$ cat query19.cif   # mmCIF, C-alpha atoms
data_coords
#
loop_
_atom_site.label_atom_id
_atom_site.label_comp_id
_atom_site.auth_asym_id
_atom_site.auth_seq_id
_atom_site.Cartn_x
_atom_site.Cartn_y
_atom_site.Cartn_z
CA LYS V 80 135.92 127.24 91.94
CA PHE V 81 134.16 124.79 94.22
CA VAL V 82 132.97 121.39 93.08
CA VAL V 83 130.05 119.97 95.07
CA GLN V 84 129.59 116.22 94.74
CA PHE V 85 126.42 114.35 95.62
CA THR V 86 126.03 110.60 95.81
CA VAL V 87 123.03 109.28 93.92
CA LEU V 88 121.72 106.42 95.99
CA ARG V 89 119.81 103.35 94.82
CA SER V 90 117.91 105.00 91.95
CA PRO V 91 114.25 104.63 92.99
CA THR V 92 111.93 103.72 90.12
CA LEU V 93 108.94 105.85 89.18
CA GLN V 94 106.00 103.46 89.33
CA ASN V 95 102.78 105.46 88.95
CA GLU V 96 101.50 108.97 88.36
CA LYS V 97 97.99 110.24 89.13
CA ASP V 98 96.43 113.49 87.92
CA LEU V 99 94.18 114.43 90.83
CA PHE V 100 92.68 117.45 89.10
CA GLN V 101 90.93 115.22 86.58
CA ILE V 102 88.95 113.47 89.32
CA GLY V 103 88.12 116.60 91.31
CA GLY V 104 89.70 118.41 94.21
CA VAL V 105 92.22 121.20 94.09
CA THR V 106 93.72 122.75 90.98
CA ASP V 107 97.32 123.08 92.18
CA VAL V 108 98.61 120.59 94.75
CA GLY V 109 100.67 122.44 97.33
CA GLY V 110 101.20 119.37 99.48
CA SER V 111 99.79 115.97 100.35
CA VAL V 112 99.64 113.59 103.31
CA PHE V 113 98.11 110.17 104.04
CA ASN V 114 96.27 108.83 107.04
CA ASP V 115 97.93 106.10 109.11
CA THR V 116 96.77 103.17 106.99
CA GLY V 117 97.04 104.74 103.54
CA SER V 118 93.30 104.49 102.93
CA LYS V 119 92.92 108.29 102.77
CA LEU V 120 94.89 111.01 101.00
CA TYR V 121 94.64 114.74 101.68
CA THR V 122 95.87 117.56 99.46
CA PHE V 123 95.54 121.30 99.66
CA GLN V 124 95.42 124.07 97.12
CA LYS V 125 98.75 125.86 97.14
CA GLY V 126 98.29 129.45 98.23
CA GLY V 127 94.56 128.82 98.67
CA LYS V 128 92.42 127.58 101.55
CA PHE V 129 90.78 124.41 100.23
CA ILE V 130 91.63 120.86 101.34
CA ALA V 131 90.58 117.75 99.41
CA GLN V 132 90.12 114.27 100.87
CA TYR V 133 90.33 111.14 98.72
CA SER V 134 89.70 107.46 99.46
CA LEU V 135 91.98 104.69 98.18
CA SER V 136 90.48 101.25 97.56
CA THR V 137 93.96 99.77 98.03
CA ASN V 138 96.09 101.27 100.79
CA PHE V 139 98.89 103.55 99.53
CA ASP V 140 98.09 102.63 95.91
CA ILE V 141 97.57 105.98 94.20
CA THR V 142 96.11 104.30 91.11
CA SER V 143 93.13 103.22 93.26
CA ILE V 144 91.99 106.83 93.82
CA SER V 145 88.78 107.21 91.83
CA GLN V 146 86.93 110.15 93.36
CA VAL V 147 87.17 112.93 95.90
CA ASP V 148 85.33 112.37 99.20
CA GLY V 149 85.09 116.01 100.09
CA LEU V 150 86.47 119.46 99.48
CA ILE V 151 86.40 121.83 102.43
CA ASP V 152 87.16 125.47 103.03
CA SER V 153 89.65 125.39 105.91
CA GLY V 154 89.14 129.05 106.69
CA VAL V 155 92.94 129.43 106.65
CA SER V 156 94.19 131.50 103.74
CA THR V 157 97.32 130.86 101.65
CA LEU V 158 98.02 127.31 102.86
CA LEU V 159 101.61 126.08 102.72
CA ALA V 160 101.69 122.75 104.63
CA ILE V 161 99.52 120.09 106.28
CA THR V 162 100.12 117.21 108.71
CA TRP V 163 98.18 114.97 111.13
CA ASN V 164 98.79 113.64 114.61
CA SER V 165 99.19 109.87 114.95
CA ASP V 166 95.58 108.89 115.62
CA GLY V 167 93.92 111.34 113.24
CA SER V 168 92.09 113.32 115.90
CA LYS V 169 94.00 116.50 114.99
CA PHE V 170 95.46 118.09 111.88
CA TYR V 171 97.64 121.15 111.43
CA LEU V 172 97.89 123.78 108.72
CA ALA V 173 100.72 126.25 108.07
CA ASP V 174 100.01 129.44 106.15
CA SER V 175 101.88 132.36 104.66
CA SER V 176 101.55 134.46 107.83
CA GLU V 177 103.97 131.96 109.43
CA THR V 178 101.13 130.68 111.61
CA VAL V 179 100.33 127.04 112.34
CA THR V 180 96.69 126.30 113.18
CA GLN V 181 95.63 123.16 115.03
CA PHE V 182 92.21 121.59 114.40
CA SER V 183 90.31 118.72 116.01
CA VAL V 184 87.96 116.51 113.98
CA SER V 185 84.90 114.70 115.34
CA THR V 186 85.75 111.59 113.28
CA ASN V 187 89.39 110.61 113.09
CA PHE V 188 91.08 111.28 109.74
CA ASP V 189 87.88 112.74 108.28
CA ILE V 190 88.06 116.42 107.33
CA THR V 191 84.39 116.33 106.26
CA SER V 192 83.35 115.71 109.89
CA THR V 193 82.90 118.53 112.40
CA LEU V 194 86.03 120.67 112.70
CA THR V 195 87.06 122.63 115.78
CA GLU V 196 89.89 125.15 115.69
CA ASP V 197 91.91 124.47 118.83
CA LYS V 198 94.65 127.07 118.65
CA SER V 199 97.04 128.98 116.42
CA VAL V 200 100.73 129.65 117.04
CA ASP V 201 102.66 132.44 115.34
CA TYR V 202 106.16 131.31 114.30
CA SER V 203 107.13 134.55 112.55
CA THR V 204 109.85 135.19 115.15
CA ASP V 205 111.68 132.17 113.72
CA PHE V 206 110.48 132.07 110.09
CA ASN V 207 109.43 134.54 107.41
CA PHE V 208 108.23 131.71 105.14
CA ILE V 209 107.23 128.16 106.11
CA THR V 210 107.54 125.35 103.57
CA ASP V 211 106.63 122.26 105.63
CA ILE V 212 105.65 120.98 109.09
CA GLU V 213 106.09 117.52 110.60
CA TRP V 214 105.80 115.60 113.87
CA GLY V 215 108.33 113.08 115.20
CA ASP V 216 109.30 110.94 118.17
CA SER V 217 105.70 110.05 119.14
CA GLY V 218 104.60 113.67 118.93
CA SER V 219 107.14 115.03 121.40
CA LYS V 220 108.92 116.96 118.65
CA PHE V 221 107.53 119.36 116.07
CA TYR V 222 109.54 120.41 113.00
CA ILE V 223 109.31 123.38 110.64
CA THR V 224 111.28 124.01 107.46
CA GLY V 225 111.43 127.34 105.69
CA THR V 226 113.21 130.66 105.46
CA GLU V 227 114.63 131.81 108.77
CA THR V 228 113.72 135.35 109.87
CA SER V 229 117.05 136.79 110.95
CA ASN V 230 119.25 135.89 107.96
CA ASP V 231 116.79 134.85 105.21
CA GLU V 232 118.38 131.38 104.87
CA GLN V 233 116.80 127.92 104.74
CA PHE V 234 116.38 126.47 108.22
CA LEU V 235 115.06 123.30 109.82
CA ALA V 236 113.83 123.92 113.36
CA GLN V 237 112.95 121.37 116.04
CA TYR V 238 110.53 122.22 118.88
CA ASN V 239 110.39 119.91 121.90
CA VAL V 240 106.77 120.27 123.07
CA SER V 241 105.62 119.57 126.61
CA THR V 242 102.41 117.78 125.54
CA ALA V 243 102.45 115.34 122.63
CA PHE V 244 100.96 116.71 119.41
CA GLU V 245 100.13 120.10 120.95
CA ILE V 246 101.73 123.06 119.18
CA GLU V 247 103.22 125.62 121.56
CA ASN V 248 104.64 129.13 121.44
CA ILE V 249 108.20 128.11 122.36
CA SER V 250 111.69 128.64 120.99
CA PRO V 251 113.36 125.94 118.90
CA SER V 252 115.26 123.29 120.84
CA GLU V 253 117.53 122.54 117.88
CA THR V 254 118.12 124.13 114.48
CA ASN V 255 120.03 123.30 111.32
CA ASN V 256 120.97 125.86 108.67
CA LEU V 257 120.24 123.78 105.57
CA GLU V 258 121.53 126.47 103.23
CA VAL V 259 124.93 126.89 104.89
CA ASN V 260 125.46 123.29 106.00
CA HIS V 261 123.94 121.41 103.07
CA SER V 262 123.57 123.89 100.17
CA ILE V 263 119.75 123.65 100.19
CA GLN V 264 118.31 127.00 99.14
CA HIS V 265 114.67 125.86 98.98
CA ALA V 266 113.63 123.00 101.27
CA ASN V 267 110.11 122.07 100.22
CA GLY V 268 109.23 118.97 102.23
CA VAL V 269 110.57 116.97 105.17
CA ILE V 270 109.90 113.51 106.61
CA PHE V 271 111.67 110.94 108.82
CA ASN V 272 111.95 107.20 108.52
CA ASP V 273 110.19 105.08 111.14
CA THR V 274 113.03 105.20 113.68
CA GLY V 275 114.19 108.80 113.25
CA SER V 276 117.65 107.68 112.13
CA LYS V 277 117.07 109.18 108.66
CA ILE V 278 115.49 112.40 107.43
CA TYR V 279 114.53 113.23 103.84
CA ILE V 280 114.23 116.75 102.44
CA ILE V 281 113.01 117.94 99.04
CA ASP V 282 115.62 120.26 97.51
CA ARG V 283 113.87 122.44 94.96
CA SER V 284 117.00 124.54 94.52
CA ALA V 285 119.01 121.58 93.21
CA SER V 286 119.45 121.06 89.47
CA PRO V 287 117.70 118.78 88.82
CA ARG V 288 115.19 118.93 91.69
CA THR V 289 115.62 115.99 94.01
CA VAL V 290 115.05 114.47 97.46
CA LYS V 291 118.10 114.31 99.73
CA GLN V 292 118.63 111.68 102.42
CA PHE V 293 120.46 112.45 105.67
CA SER V 294 121.46 110.39 108.71
CA THR V 295 120.83 111.84 112.15
CA SER V 296 123.49 111.52 114.85
CA THR V 297 120.70 111.18 117.43
CA GLU V 298 117.28 109.83 116.50
CA PHE V 299 114.77 112.58 115.65
CA ASN V 300 117.36 115.28 116.42
CA VAL V 301 118.09 117.64 113.52
CA SER V 302 121.06 119.53 114.95
CA SER V 303 123.64 117.33 113.24
CA LEU V 304 122.88 115.72 109.87
CA THR V 305 125.14 113.74 107.54
CA LEU V 306 124.26 113.69 103.84
CA ASP V 307 123.89 110.13 102.54
CA GLY V 308 123.05 111.21 98.99
CA ASP V 309 120.04 112.01 96.83
CA MET V 310 117.59 110.10 94.65
CA GLY V 311 118.46 111.84 91.40
CA ASP V 312 116.07 113.71 89.13
CA VAL V 313 112.44 113.66 90.32
CA THR V 314 111.23 115.94 87.53
CA THR V 315 110.30 113.08 85.24
CA ASN V 316 107.19 114.81 83.96
CA GLY V 317 108.18 118.13 82.34
CA GLY V 318 107.84 121.05 84.71
CA VAL V 319 106.98 118.90 87.75
CA VAL V 320 107.50 120.73 91.06
CA PRO V 321 107.92 118.38 94.06
CA GLU V 322 105.91 119.78 96.98
CA SER V 323 105.66 117.06 99.65
CA ILE V 324 106.87 113.57 100.52
CA SER V 325 105.26 110.62 102.30
CA TRP V 326 106.13 106.99 103.00
CA ASN V 327 103.92 103.96 102.69
CA SER V 328 103.63 101.69 105.74
CA ASP V 329 106.98 99.89 105.40
CA GLY V 330 109.17 102.42 103.56
CA SER V 331 109.23 100.46 100.31
CA LYS V 332 107.52 103.30 98.46
CA LEU V 333 108.15 107.07 98.48
CA ILE V 334 105.15 109.15 97.46
CA ILE V 335 105.66 112.68 96.17
CA GLY V 336 102.95 115.33 95.85
CA VAL V 337 103.60 117.49 92.80
CA GLY V 338 102.36 120.73 91.31
CA PHE V 339 102.34 121.59 87.59
CA PRO V 340 100.64 119.22 86.76
CA SER V 341 98.56 118.82 89.89
CA GLY V 342 98.97 115.28 91.11
CA ILE V 343 100.92 112.62 92.93
CA GLU V 344 103.65 110.09 92.09
CA ASP V 345 104.98 106.96 93.76
CA TRP V 346 108.51 105.60 93.54
CA ASN V 347 109.53 102.02 94.38
CA LEU V 348 112.69 101.45 96.44
CA SER V 349 114.89 98.37 96.33
CA THR V 350 115.76 98.83 100.03
CA ASN V 351 113.19 100.18 102.46
CA TYR V 352 113.75 103.78 103.54
CA ASP V 353 116.92 104.00 101.44
CA LEU V 354 116.83 106.32 98.46
#

$ encode --input "query19.cif" --output "structure tokens"
Amino acid sequence: KFVVQFTVLRSPTLQNEKDLFQIGGVTDVGGSVFNDTGSKLYTFQKGGKFIAQYSLSTNFDITSISQVDGLIDSGVSTLLAITWNSDGSKFYLADSSETVTQFSVSTNFDITSTLTEDKSVDYSTDFNFITDIEWGDSGSKFYITGTETSNDEQFLAQYNVSTAFEIENISPSETNNLEVNHSIQHANGVIFNDTGSKIYIIDRSASPRTVKQFSTSTEFNVSSLTLDGDMGDVTTNGGVVPESISWNSDGSKLIIGVGFPSGIEDWNLSTNYDL
């Protein structure tokens, strides 16, 4: 018998919960992301094609969401992940065909403005199911989590792109087998801290479901990760499924998009960026 031990870190405190479905938008949150200032929140319908945009009267305060700004049909079916570039001129959608589509918007961070589909890249050579996408290191690195094609295990792949925030049809520069190396059988969301020295991954396969914190040996490089610990049970509201994670501006608050019910939660941390 093997005994796996995890260190529970500083026990973040659940501060607020918001049911987004009651104020409009999508019926089942598959993921969420903020703009750079925390004045806008975006969610998408899991397995659908609709994206909702909300305004916050107080930045990164989910209790200040009162209405949906817009609900658009992205034209991309079975959405699985969403992210933005740093200035909000582009956003990216991953879908169940293992394709990432890049869009430009005429008004930064506004999905209700004119959208232009720039390009799509097929990542099915590397993945047979994508669970999240993320940028890092000023847009020079693109990351995908999901089920790897060749062995059907959970992988985190890093792509070093030649042009910042432009997706490319290239092979991964670095990979990490999360299932073999870290016993993660379903990685649902991924995000870095501000310096790239830490990476955080939702582990839906853990019992209870949690977010795990890792240290990187080289900033923004995923090839070698050291487990710091996890934040304990995030399923505070019966049946909650954590789908995505975001930080506020200084790392004092972790914000988790959840399905069943369809909403969002924020957790206060005693030490910034330390679960």

$ closest_residue --input "query19.cif" --among "V:Ile246, V:Ile161, V:Val337, V:Leu348" --to "V:Pro321" --atoms "all atoms listed in the file"
V:Val337

$ resolve_selection --input "query19.cif" --expression "the PyMOL selection byres ((chain V and resi 209-224) around 7)" --output "list in words"
Leu159, Ala160, Ile161, Thr162, Ser175, Glu177, Phe206, Asn207, Phe208, Gly225, Thr226, Phe234, Leu235, Ala236, Gln237, Tyr238, Asn239, Val240, Thr242, Ala243, Phe244, Ala266, Asn267, Gly268, Val269, Ile270 and Phe299 of chain V

$ closest_residue --input "query19.cif" --among "V:Glu322, V:Asp174, V:Asp345, V:Glu227" --to "V:Val108" --atoms "all atoms listed in the file"
V:Glu322

$ residues_near_point --input "query19.cif" --point "(93.6, 119.2, 115.5)" --cutoff "10 Å" --atoms "only C-alpha atoms" --output "PyMOL selection string"
chain V and resi 162-164+167-172+180-185+187+194-198+244-246

$ resolve_selection --input "query19.cif" --expression "the PyMOL selection byres ((chain V and resi 274) around 12)" --output "PyMOL selection string"
chain V and resi 215-217+270-273+275-278+294-295+297-300+329-330+352

$ atom_distance --input "query19.cif" --atom1 "atom CA of V:Met310" --atom2 "atom CA of V:Ser118"
26.3 Å

$ resolve_selection --input "query19.cif" --expression "the PyMOL selection byres ((chain V and resi 261) around 10)" --output "NGL selection string"
:V and (233 or 255-260 or 262-264 or 291 or 293 or 304-306)

$ atom_distance --input "query19.cif" --atom1 "atom CA of V:Ile324" --atom2 "atom CA of V:Gly336"
6.3 Å

$ closest_residue --input "query19.cif" --among "V:Asp201, V:Asn327, V:Phe129, V:Ile281" --to "V:Thr116" --atoms "all atoms listed in the file"
V:Asn327

$ atom_distance --input "query19.cif" --atom1 "atom CA of V:Thr106" --atom2 "atom CA of V:Leu158"
13.4 Å

$ residues_around --input "query19.cif" --residues "V:Thr92" --least-positions-apart "6" --cutoff "12 Å" --atoms "all atoms listed in the file" --output "PDB file with C-alpha atoms, in the coordinates of the input"
ATOM      1  CA  MET V 310     117.590 110.100  94.650  1.00  0.00           C
ATOM      2  CA  GLY V 311     118.460 111.840  91.400  1.00  0.00           C
ATOM      3  CA  ASP V 312     116.070 113.710  89.130  1.00  0.00           C
ATOM      4  CA  VAL V 313     112.440 113.660  90.320  1.00  0.00           C
ATOM      5  CA  THR V 315     110.300 113.080  85.240  1.00  0.00           C
ATOM      6  CA  SER V 331     109.230 100.460 100.310  1.00  0.00           C
ATOM      7  CA  LYS V 332     107.520 103.300  98.460  1.00  0.00           C
ATOM      8  CA  LEU V 333     108.150 107.070  98.480  1.00  0.00           C
ATOM      9  CA  ILE V 334     105.150 109.150  97.460  1.00  0.00           C
ATOM     10  CA  GLU V 344     103.650 110.090  92.090  1.00  0.00           C
ATOM     11  CA  ASP V 345     104.980 106.960  93.760  1.00  0.00           C
ATOM     12  CA  TRP V 346     108.510 105.600  93.540  1.00  0.00           C
ATOM     13  CA  ASN V 347     109.530 102.020  94.380  1.00  0.00           C
ATOM     14  CA  LEU V 348     112.690 101.450  96.440  1.00  0.00           C
ATOM     15  CA  SER V 349     114.890  98.370  96.330  1.00  0.00           C
ATOM     16  CA  THR V 350     115.760  98.830 100.030  1.00  0.00           C
ATOM     17  CA  LEU V 354     116.830 106.320  98.460  1.00  0.00           C
TER      18      LEU V 354
END

$ residues_around --input "query19.cif" --residues "V:Gly117" --least-positions-apart "2" --cutoff "10 Å" --atoms "all atoms listed in the file" --output "list in words"
Val112, Phe113, Asn114, Asp115, Lys119, Leu120, Ser134, Leu135, Ser136, Thr137, Asn138, Phe139, Asp140, Ile141, Trp326, Asn327 and Ser328 of chain V

$ residues_around --input "query19.cif" --residues "V:Ser153" --least-positions-apart "2" --cutoff "9 Å" --atoms "only C-alpha atoms" --output "ChimeraX atom specification"
/V:128-130,151,155-156,172
